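Text of start.csv (CSV, C-alpha atoms and all ligand atoms) as supplied:
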chain,number,residue,atom,x,y,z
A,14,MET,CA,60.3,32.7,40.9
A,15,PRO,CA,61.8,32.4,37.4
A,16,ALA,CA,59.8,34.0,34.6
A,17,SER,CA,58.8,31.4,31.9
A,18,ALA,CA,59.8,32.1,28.3
A,19,PRO,CA,57.1,33.9,26.3
A,20,SER,CA,56.3,32.9,22.7
A,21,ASP,CA,58.0,34.6,19.8
A,22,ARG,CA,54.9,36.2,18.4
A,23,VAL,CA,54.8,40.0,19.0
A,24,ILE,CA,51.3,41.5,19.3
A,25,ILE,CA,51.2,44.8,17.4
A,26,PHE,CA,48.9,47.2,19.2
A,27,ASP,CA,48.2,50.3,17.1
A,28,THR,CA,47.2,53.5,18.9
A,29,THR,CA,47.2,55.9,15.9
A,30,LEU,CA,43.6,56.6,16.6
A,31,ARG,CA,44.1,57.4,20.3
A,32,ASP,CA,47.6,58.5,21.3
A,33,GLY,CA,48.3,59.5,17.7
A,34,GLU,CA,45.2,61.6,17.5
A,35,GLN,CA,46.1,63.2,20.8
A,36,CYS,CA,48.9,65.2,19.3
A,37,PRO,CA,48.2,68.8,18.5
A,38,GLY,CA,46.8,69.2,15.0
A,39,ALA,CA,46.3,65.5,14.2
A,40,SER,CA,42.6,65.1,14.8
A,41,MET,CA,40.6,63.0,12.3
A,42,THR,CA,37.0,62.9,11.4
A,43,TYR,CA,34.6,60.0,12.1
A,44,GLU,CA,34.9,58.8,8.5
A,45,GLU,CA,38.7,59.1,8.4
A,46,LYS,CA,39.0,57.1,11.7
A,47,ILE,CA,36.9,54.3,10.2
A,48,GLU,CA,39.0,54.3,7.0
A,49,VAL,CA,42.2,54.1,9.0
A,50,ALA,CA,40.8,51.3,11.3
A,51,GLU,CA,39.8,49.3,8.2
A,52,LEU,CA,43.3,49.6,6.7
A,53,LEU,CA,44.9,48.7,10.0
A,54,GLU,CA,42.8,45.6,10.3
A,55,SER,CA,43.5,44.5,6.7
A,56,MET,CA,47.3,45.0,7.3
A,57,GLY,CA,47.1,42.4,10.1
A,58,VAL,CA,47.4,44.7,13.2
A,59,ASP,CA,46.4,42.6,16.2
A,60,VAL,CA,44.9,45.3,18.5
A,61,ILE,CA,43.5,48.6,17.4
A,62,GLU,CA,43.0,51.2,20.1
A,63,ALA,CA,40.1,53.0,18.5
A,64,GLY,CA,39.8,56.0,20.9
A,65,PHE,CA,38.9,57.3,24.3
A,66,PRO,CA,35.1,56.9,24.5
A,67,ILE,CA,34.6,59.2,27.5
A,68,ALA,CA,36.4,62.1,25.8
A,69,SER,CA,33.5,63.1,23.5
A,70,GLN,CA,30.4,61.9,21.9
A,71,GLY,CA,32.3,61.8,18.6
A,72,ASP,CA,35.0,59.6,20.1
A,73,PHE,CA,32.4,57.2,21.6
A,74,GLU,CA,30.6,56.9,18.2
A,75,SER,CA,33.8,56.2,16.2
A,76,VAL,CA,35.0,53.6,18.7
A,77,HIS,CA,31.6,52.0,18.7
A,78,GLU,CA,31.4,51.9,14.8
A,79,ILE,CA,35.0,50.5,14.5
A,80,ALA,CA,34.1,47.9,17.1
A,81,LYS,CA,30.9,46.9,15.1
A,82,ARG,CA,32.8,46.6,11.8
A,83,SER,CA,35.8,44.7,13.2
A,84,GLU,CA,36.4,41.1,12.1
A,85,LYS,CA,39.6,39.8,13.5
A,86,ALA,CA,41.4,42.6,15.4
A,87,VAL,CA,40.9,43.2,19.1
A,88,ILE,CA,39.3,46.7,19.5
A,89,ALA,CA,40.4,48.6,22.6
A,90,GLY,CA,38.8,51.6,24.2
A,91,LEU,CA,40.8,53.7,26.7
A,92,ALA,CA,39.5,54.6,30.2
A,93,ARG,CA,41.0,56.4,33.1
A,94,ALA,CA,40.7,54.6,36.5
A,95,ILE,CA,37.3,56.1,37.0
A,96,SER,CA,34.0,54.1,37.1
A,97,GLY,CA,32.2,56.3,34.5
A,98,ASP,CA,35.1,56.0,32.0
A,99,ILE,CA,35.2,52.3,32.3
A,100,ALA,CA,31.5,51.9,31.8
A,101,ARG,CA,31.6,54.1,28.8
A,102,ALA,CA,34.5,52.3,27.2
A,103,GLY,CA,32.7,49.0,27.9
A,104,GLU,CA,29.6,50.3,26.1
A,105,ALA,CA,31.7,51.4,23.1
A,106,VAL,CA,33.7,48.2,22.5
A,107,ARG,CA,31.1,45.6,23.6
A,108,VAL,CA,29.9,45.1,20.1
A,109,ALA,CA,33.3,44.0,18.8
A,110,LYS,CA,34.0,40.3,18.2
A,111,ARG,CA,37.0,40.8,20.5
A,112,PRO,CA,36.5,43.8,22.8
A,113,ARG,CA,39.1,45.1,25.2
A,114,ILE,CA,39.0,47.8,27.9
A,115,HIS,CA,42.3,49.5,28.5
A,116,THR,CA,42.4,51.3,31.8
A,117,PHE,CA,45.3,53.2,33.3
A,118,VAL,CA,46.5,55.0,36.4
A,119,SER,CA,49.7,56.8,37.3
A,120,THR,CA,52.1,55.1,39.6
A,121,SER,CA,55.2,57.4,39.9
A,122,PRO,CA,55.8,59.5,43.0
A,123,ILE,CA,55.8,62.6,40.8
A,124,HIS,CA,52.3,61.9,39.4
A,125,LEU,CA,51.0,60.7,42.8
A,126,ALA,CA,52.1,63.9,44.5
A,127,HIS,CA,51.3,66.5,41.9
A,128,GLN,CA,48.7,65.2,39.6
A,129,MET,CA,46.6,62.7,41.6
A,130,ARG,CA,47.3,63.9,45.1
A,131,LYS,CA,46.8,60.3,46.4
A,132,THR,CA,48.9,58.0,48.6
A,133,GLU,CA,50.4,54.7,47.3
A,134,GLU,CA,47.8,52.7,49.3
A,135,GLN,CA,44.9,54.7,47.8
A,136,VAL,CA,46.2,54.0,44.3
A,137,LEU,CA,46.5,50.3,45.0
A,138,GLU,CA,42.9,50.3,46.0
A,139,ILE,CA,41.9,52.2,42.9
A,140,ILE,CA,43.7,49.6,40.7
A,141,SER,CA,41.9,46.6,42.3
A,142,ALA,CA,38.5,48.2,42.1
A,143,THR,CA,38.8,49.6,38.5
A,144,VAL,CA,40.4,46.5,37.0
A,145,ALA,CA,37.7,44.3,38.6
A,146,GLN,CA,35.0,46.6,37.2
A,147,ALA,CA,36.4,46.4,33.7
A,148,ARG,CA,36.8,42.6,34.0
A,149,ASN,CA,33.1,42.3,34.9
A,150,LEU,CA,32.3,44.0,31.5
A,151,VAL,CA,34.8,42.2,29.2
A,152,GLU,CA,37.2,39.2,29.3
A,153,ASP,CA,40.1,41.1,27.9
A,154,VAL,CA,41.4,43.9,30.2
A,155,GLU,CA,44.6,45.8,29.8
A,156,TRP,CA,46.0,47.8,32.7
A,157,SER,CA,48.7,50.5,32.3
A,158,ALA,CA,51.0,51.9,34.9
A,159,MET,CA,51.3,55.5,33.7
A,160,ASP,CA,54.8,56.8,34.1
A,161,ALA,CA,56.1,53.3,35.0
A,162,THR,CA,59.6,54.1,34.1
A,163,ARG,CA,59.8,56.7,36.9
A,164,THR,CA,58.2,54.4,39.5
A,165,PRO,CA,60.3,52.6,42.1
A,166,ILE,CA,60.4,49.0,41.2
A,167,GLU,CA,59.1,47.7,44.5
A,168,TYR,CA,55.9,49.8,44.3
A,169,LEU,CA,55.5,49.1,40.6
A,170,CYS,CA,55.5,45.4,41.4
A,171,ARG,CA,52.8,45.9,44.0
A,172,CYS,CA,50.7,47.7,41.5
A,173,VAL,CA,51.1,45.0,38.8
A,174,GLU,CA,50.3,42.3,41.4
A,175,ALA,CA,47.1,44.1,42.3
A,176,ALA,CA,46.1,44.5,38.6
A,177,ILE,CA,46.8,40.8,37.9
A,178,LYS,CA,44.8,39.7,41.0
A,179,ALA,CA,41.9,41.9,39.9
A,180,GLY,CA,41.8,40.2,36.5
A,181,ALA,CA,44.0,42.2,34.1
A,182,THR,CA,45.1,40.0,31.1
A,183,THR,CA,47.7,42.5,29.6
A,184,ILE,CA,50.0,44.6,31.7
A,185,ASN,CA,51.5,47.7,30.0
A,186,LEU,CA,54.5,49.5,31.4
A,187,PRO,CA,54.7,52.8,29.5
A,188,ASP,CA,57.6,55.1,29.2
A,189,THR,CA,55.1,57.9,29.3
A,190,VAL,CA,57.6,60.8,29.2
A,191,GLY,CA,60.2,59.2,26.9
A,192,TYR,CA,62.8,59.1,29.7
A,193,ALA,CA,64.1,55.5,29.6
A,194,VAL,CA,67.1,54.1,27.9
A,195,PRO,CA,67.0,50.6,26.4
A,196,GLU,CA,69.0,48.6,29.0
A,197,GLU,CA,66.9,50.0,31.9
A,198,TYR,CA,63.6,49.5,30.1
A,199,ALA,CA,64.5,45.8,29.5
A,200,ALA,CA,65.6,45.4,33.1
A,201,MET,CA,62.3,46.8,34.4
A,202,PHE,CA,60.3,44.1,32.5
A,203,ARG,CA,62.7,41.4,33.7
A,204,ALA,CA,62.4,42.5,37.3
A,205,VAL,CA,58.6,42.7,37.3
A,206,ARG,CA,58.2,39.4,35.5
A,207,GLU,CA,60.5,37.7,38.0
A,208,ARG,CA,59.1,39.2,41.2
A,209,VAL,CA,55.3,39.4,40.7
A,210,PRO,CA,53.2,36.3,41.3
A,211,GLY,CA,51.0,35.4,38.3
A,212,ALA,CA,53.2,37.4,35.9
A,213,ASP,CA,53.6,34.3,33.7
A,214,LYS,CA,49.8,34.3,33.1
A,215,VAL,CA,49.7,37.7,31.4
A,216,ILE,CA,51.1,39.5,28.4
A,217,PHE,CA,53.5,42.4,29.1
A,218,SER,CA,53.4,45.4,26.8
A,219,THR,CA,55.6,48.3,25.9
A,220,HIS,CA,54.4,51.8,25.2
A,221,CYS,CA,57.2,54.2,24.4
A,222,HIS,CA,57.3,57.9,23.7
A,223,ASN,CA,60.0,59.5,21.6
A,224,ASP,CA,61.2,62.5,23.7
A,225,LEU,CA,64.8,61.3,23.5
A,226,GLY,CA,64.4,59.6,20.1
A,227,LEU,CA,64.6,56.2,21.8
A,228,ALA,CA,61.0,55.0,21.4
A,229,VAL,CA,61.7,52.2,18.9
A,230,ALA,CA,65.0,51.1,20.6
A,231,ASN,CA,63.2,51.0,23.9
A,232,SER,CA,60.3,49.0,22.5
A,233,LEU,CA,62.7,46.4,21.1
A,234,ALA,CA,64.6,46.3,24.4
A,235,GLY,CA,61.2,45.6,26.1
A,236,LEU,CA,61.0,42.4,24.0
A,237,ALA,CA,64.3,41.3,25.3
A,238,GLY,CA,62.9,41.8,28.8
A,239,GLY,CA,59.9,39.5,28.0
A,240,ALA,CA,57.3,41.9,26.7
A,241,ARG,CA,55.2,40.5,23.8
A,242,GLN,CA,53.0,43.4,22.9
A,243,ILE,CA,54.3,46.7,21.4
A,244,GLU,CA,52.1,49.8,21.4
A,245,CYS,CA,52.9,52.1,18.5
A,246,THR,CA,51.5,54.5,15.8
A,247,LEU,CA,51.8,54.9,12.1
A,248,ASN,CA,54.5,57.5,11.2
A,249,GLY,CA,55.2,57.6,15.0
A,250,ILE,CA,52.6,60.4,15.6
A,251,GLY,CA,51.6,61.0,19.2
A,252,GLU,CA,51.9,63.2,22.2
A,253,ARG,CA,54.9,65.6,22.1
A,254,ALA,CA,57.7,63.9,20.1
A,255,GLY,CA,55.4,61.0,19.3
A,256,ASN,CA,55.2,57.3,19.9
A,257,ALA,CA,57.2,54.4,18.7
A,258,ALA,CA,56.7,54.1,14.9
A,259,LEU,CA,54.8,50.9,13.8
A,260,GLU,CA,56.6,50.7,10.5
A,261,GLU,CA,60.0,50.9,12.1
A,262,ILE,CA,59.1,48.2,14.7
A,263,VAL,CA,57.7,45.8,12.0
A,264,MET,CA,60.7,46.3,9.6
A,265,ALA,CA,63.3,46.0,12.4
A,266,ILE,CA,61.9,42.7,13.4
A,267,LYS,CA,61.6,41.5,9.8
A,268,THR,CA,65.0,42.7,8.7
A,269,ARG,CA,67.0,41.7,11.7
A,270,ALA,CA,65.5,38.3,12.5
A,271,ASP,CA,69.0,37.1,13.2
A,272,VAL,CA,69.2,39.2,16.4
A,273,LEU,CA,65.4,39.9,16.9
A,274,PRO,CA,64.0,36.4,16.8
A,275,TYR,CA,60.3,37.4,16.8
A,276,GLY,CA,57.5,37.7,14.3
A,277,THR,CA,54.5,40.0,13.8
A,278,GLY,CA,51.3,39.4,11.8
A,279,VAL,CA,51.6,42.7,9.9
A,280,ASP,CA,51.8,42.6,6.0
A,281,SER,CA,54.8,45.0,5.5
A,282,THR,CA,53.9,45.6,1.9
A,283,MET,CA,51.0,47.8,3.1
A,284,LEU,CA,53.2,50.1,5.2
A,285,THR,CA,53.7,52.8,2.7
A,286,ARG,CA,50.1,53.0,1.8
A,287,ALA,CA,49.1,53.2,5.5
A,288,SER,CA,51.7,55.9,6.1
A,289,LYS,CA,50.4,58.0,3.2
A,290,MET,CA,46.8,57.6,4.4
A,291,VAL,CA,47.6,58.7,8.0
A,292,SER,CA,49.7,61.6,6.7
A,293,ALA,CA,46.8,62.7,4.4
A,294,VAL,CA,44.0,62.5,7.0
A,295,THR,CA,46.0,64.2,9.7
A,296,SER,CA,47.8,66.7,7.4
A,297,PHE,CA,51.0,65.7,9.2
A,298,PRO,CA,53.8,65.6,6.7
A,299,VAL,CA,56.2,62.6,6.8
A,300,GLN,CA,59.8,63.9,7.1
A,301,TYR,CA,61.8,63.2,3.9
A,302,ASN,CA,64.4,61.1,5.7
A,303,LYS,CA,61.9,59.2,7.9
A,304,ALA,CA,63.0,55.6,8.3
A,305,ILE,CA,60.9,53.1,6.1
A,306,VAL,CA,58.3,55.5,4.8
A,307,GLY,CA,60.1,58.8,4.1
A,308,ARG,CA,60.4,59.8,0.5
A,309,ASN,CA,64.2,59.5,0.7
A,310,ALA,CA,64.2,56.1,2.5
A,311,PHE,CA,64.9,54.3,-0.8
A,312,ALA,CA,66.5,57.2,-2.8
A,313,HIS,CA,70.2,57.4,-3.6
A,314,GLU,CA,72.1,60.4,-4.8
A,315,SER,CA,75.8,59.9,-4.2
A,316,GLY,CA,77.7,58.6,-7.2
A,317,ILE,CA,79.4,55.8,-5.2
A,318,HIS,CA,76.1,54.6,-3.8
A,319,GLN,CA,74.3,54.8,-7.2
A,320,ASP,CA,77.1,52.9,-8.8
A,321,GLY,CA,76.9,50.2,-6.1
A,322,MET,CA,73.1,50.0,-6.4
A,323,LEU,CA,73.3,49.5,-10.2
A,324,LYS,CA,75.7,46.6,-9.7
A,325,ASN,CA,73.8,45.0,-6.8
A,326,ASN,CA,71.1,46.6,-4.6
A,327,THR,CA,72.3,44.9,-1.4
A,328,THR,CA,75.3,47.2,-1.5
A,329,TYR,CA,73.3,50.1,0.0
A,330,GLU,CA,69.8,48.7,0.8
A,331,ILE,CA,69.1,46.5,3.8
A,332,MET,CA,65.5,45.8,2.7
A,333,THR,CA,63.8,46.0,-0.6
A,334,PRO,CA,61.5,48.9,-1.4
A,335,GLU,CA,58.9,46.3,-2.5
A,336,SER,CA,58.9,44.8,1.0
A,337,VAL,CA,57.3,48.0,2.3
A,338,GLY,CA,55.1,48.6,-0.7
A,339,VAL,CA,57.4,51.0,-2.7
A,340,THR,CA,57.6,49.9,-6.4
A,341,LYS,CA,61.2,50.9,-7.0
A,342,THR,CA,64.5,52.3,-5.6
A,343,SER,CA,65.0,55.8,-6.9
A,344,LEU,CA,68.3,57.1,-8.1
A,345,VAL,CA,68.0,60.8,-7.6
A,346,MET,CA,70.1,62.9,-10.0
A,347,GLY,CA,72.2,65.5,-8.4
A,348,LYS,CA,75.7,66.9,-8.2
A,349,HIS,CA,76.9,63.7,-6.5
A,350,SER,CA,75.7,61.4,-9.2
A,351,GLY,CA,78.2,59.6,-11.4
A,352,ARG,CA,78.3,58.6,-15.1
A,353,HIS,CA,77.0,55.1,-14.6
A,354,ALA,CA,73.8,56.3,-12.9
A,355,PHE,CA,73.4,59.1,-15.4
A,356,ARG,CA,73.6,56.7,-18.3
A,357,GLU,CA,70.9,54.5,-16.6
A,358,LYS,CA,68.7,57.5,-16.1
A,359,LEU,CA,69.0,58.4,-19.8
A,360,LYS,CA,68.0,54.8,-20.6
A,361,ASP,CA,64.9,55.1,-18.3
A,362,LEU,CA,64.0,58.3,-20.1
A,363,GLY,CA,64.3,56.6,-23.5
A,364,TYR,CA,67.7,58.0,-24.7
A,365,GLU,CA,70.7,56.0,-26.0
A,366,LEU,CA,73.6,58.4,-26.6
A,367,GLY,CA,77.0,57.7,-28.1
A,368,GLU,CA,80.0,58.1,-25.9
A,369,ASN,CA,80.9,61.7,-27.0
A,370,ALA,CA,77.3,63.0,-26.7
A,371,LEU,CA,76.9,61.3,-23.3
A,372,GLU,CA,80.1,63.0,-22.1
A,373,ASP,CA,78.8,66.3,-23.3
A,374,VAL,CA,75.4,66.0,-21.7
A,375,PHE,CA,76.9,64.6,-18.5
A,376,ASN,CA,79.2,67.7,-18.2
A,377,ARG,CA,76.3,70.1,-18.7
A,378,PHE,CA,74.2,68.1,-16.2
A,379,LYS,CA,77.0,68.5,-13.6
A,380,ASN,CA,77.1,72.2,-14.3
A,381,LEU,CA,73.4,72.5,-13.8
A,382,ALA,CA,73.4,70.3,-10.7
A,383,ASP,CA,75.9,72.7,-9.1
A,384,ARG,CA,73.5,75.6,-9.6
A,385,LYS,CA,70.2,73.9,-9.1
A,386,LYS,CA,69.0,72.2,-5.9
A,387,ASN,CA,66.8,69.7,-7.6
A,388,VAL,CA,67.4,68.3,-11.1
A,389,TYR,CA,64.2,66.9,-12.5
A,390,ASP,CA,63.7,64.5,-15.4
A,391,GLU,CA,62.5,67.5,-17.5
A,392,ASP,CA,65.8,69.2,-16.9
A,393,ILE,CA,67.7,66.2,-18.2
A,394,GLU,CA,65.4,65.9,-21.2
A,395,ALA,CA,66.1,69.6,-22.0
A,396,LEU,CA,69.9,69.0,-21.8
A,397,VAL,CA,69.6,66.0,-24.2
A,398,ASP,CA,67.4,68.1,-26.6
A,399,GLN,CA,70.0,70.9,-26.6
A,400,GLU,CA,72.7,68.3,-27.4
A,401,ILE,CA,70.7,66.8,-30.3
A,402,ALA,CA,70.0,70.3,-31.6
A,403,SER,CA,73.7,71.4,-31.4
A,404,ALA,CA,74.7,68.2,-33.3
A,405,HIS,CA,72.4,69.2,-36.2
A,406,ASP,CA,73.8,72.8,-36.3
B,501,LIG,O1,51.8,57.4,27.5
B,501,LIG,C1,51.1,56.8,28.3
B,501,LIG,O2,51.4,56.5,29.5
B,501,LIG,C2,49.7,56.5,27.8
B,501,LIG,C3,48.8,55.7,28.6
B,501,LIG,C4,47.4,56.1,28.6
B,501,LIG,C5,49.0,54.2,28.2
B,501,LIG,O3,49.4,56.9,26.7
B,502,ZN,ZN,51.2,57.4,25.5

How does the structure come out when it is put into structure tokens?
Ligand code: KIV
Ligand code: ZN
Amino acid sequence: MPASAPSDRVIIFDTTLRDGEQCPGASMTYEEKIEVAELLESMGVDVIEAGFPIASQGDFESVHEIAKRSEKAVIAGLARAISGDIARAGEAVRVAKRPRIHTFVSTSPIHLAHQMRKTEEQVLEIISATVAQARNLVEDVEWSAMDATRTPIEYLCRCVEAAIKAGATTINLPDTVGYAVPEEYAAMFRAVRERVPGADKVIFSTHCHNDLGLAVANSLAGLAGGARQIECTLNGIGERAGNAALEEIVMAIKTRADVLPYGTGVDSTMLTRASKMVSAVTSFPVQYNKAIVGRNAFAHESGIHQDGMLKNNTTYEIMTPESVGVTKTSLVMGKHSGRHAFREKLKDLGYELGENALEDVFNRFKNLADRKKNVYDEDIEALVDQEIASAHD
């Protein structure tokens, strides 16, 4: 059975408030979760996984409040394949304009043997019963095959078939342990979409962890295999090495439309603000060289790069800082900076020096940069002041 071509619109499913919050040290207060959810919605995120309602009374209350306040976004609550979890998730999200229950069960032999202690047939029965229960509570049900990437394809297809028959509308095939490589992740989606009856009636979703640093690459490969929902988190926070980073997914799709012919509904100019908010509320710093939102993502220090940037910014930037909500490229002054960038920096600071004075200050600056790790604007101002003072001596 050939799989029909899905649309080009990619659904962005943010799980910062669930999988993101699950990582050690990233817990957020009730108020902080509501603030993050409001920002996610205003950015154009399609689905917000607001939490795991059975986990605690606090989680239930924040999911319920986020659901109540939501306008356009689908609000999802997570539930294990347990009747009580599903009922609680249903109760939490029911007040949303667009509620979703997201239920999951492990499908890999490792998890069946060691974690669940169930047979394949027992798990199939659990899938049918729990998805049907969720579908009785809400129209929109997502089912996830936990550890899908370590599940034999024949059994994975039987599980997906059972979930679709019981009423699942989205099928998520997570790389729970961050084990997959892009080609095999894409092939898994292709195989499932080709083999399972009814696969053309549901949306397939990626959910990738970053244990091998491949979460974003795998998510994009999932699109090539026919997935049209990507599960991700701001700043890539999440269990262990984290989840696929939302900002990287959105900007890869936007920047490489030539080879990634998809679209998202996310307003990319809000990415920096959202990243800063999540970092502040979780107290998780963003690494300096983090793609898209790290403080060095639009900073240039090498002389050759700074010279190129001053001539034309496409020489060393593949996207504009403004497109992610940063006001300006920054030319960082250091030992690798050249005269051209130094002169521009002086202009920015309000100085116009003659050629001799410029040469003098530039040499002193190079000397200083050799000794000092960071050269700040104040250091450069001091050098200019010294030059002006010595000219008056
Ligand atoms: O990584 C995972 O498999 C999950 C599921 C609950 C979707 O987070
Ligand atoms: Zn996960």

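Using only C-alpha atoms, the shortest contact distance between A:Asp72 and any of A:Glu51, A:Glu335, A:Glu365, A:Glu44 is found at A:Glu44.
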
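For the choices A:Arg101, A:Glu394, A:Val299, A:Arg377, the atom-to-atom distance to A:Leu359 is smallest for A:Glu394 when using all atoms listed in the file.
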
*With all atoms listed in the file as the basis for distance, which of A:Val294, A:Ala179, A:Ile317, A:Met159 is at the shortest distance from ligand LIG 501 (chain B)?*
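With all atoms listed in the file as the atom set, the closest residue is A:Met159.
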
*atom CA of A:Leu150 to atom CA of A:Gly64, distance in Å rounded to a single decimal*: 17.7 Å

*Let me have all residues with an atom within 7 Å of ligand ZN 502 (chain B), counting only C-alpha atoms and all ligand atoms, laid out as a ChimeraX atom specification.*
/A:32,189,220-222,252,256

Quick one: 5 Å padding each side, axis-aligned, all listed atoms of ligand LIG 501 (chain B) - centre and edge lengths in Å to one decimal, as JSON?
{"center_x": 49.6, "center_y": 55.8, "center_z": 28.1, "size_x": 14.4, "size_y": 13.2, "size_z": 12.8}

*Neighbours of ligand LIG 501 (chain B) within 10 Å, counting all atoms listed in the file, as number ranges by chain?*
A: 28, 31-33, 35, 65, 91-93, 115-119, 155-162, 185-191, 218-222, 244, 251-252, 255-256

*Compare A:Met201, A:Ile305, A:Val194, A:Ala145 by their minimum atom-to-atom distance to A:Glu167, counting all atoms listed in the file, and give me the closest one.*
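Using all atoms listed in the file, A:Glu167 sits closest to A:Met201.
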
_Shortest interatomic distance to A:His313 - which of A:Ser343, A:Thr328, A:Ser121, A:Ser296, counting only C-alpha atoms_ =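 Under the stated criterion, the closest residue is A:Ser343.
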
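Take the candidates A:Val23, A:Ile166, A:Val374, A:Ala258 and check each one against A:Gly235 using all atoms listed in the file; the shortest distance goes to A:Val23.
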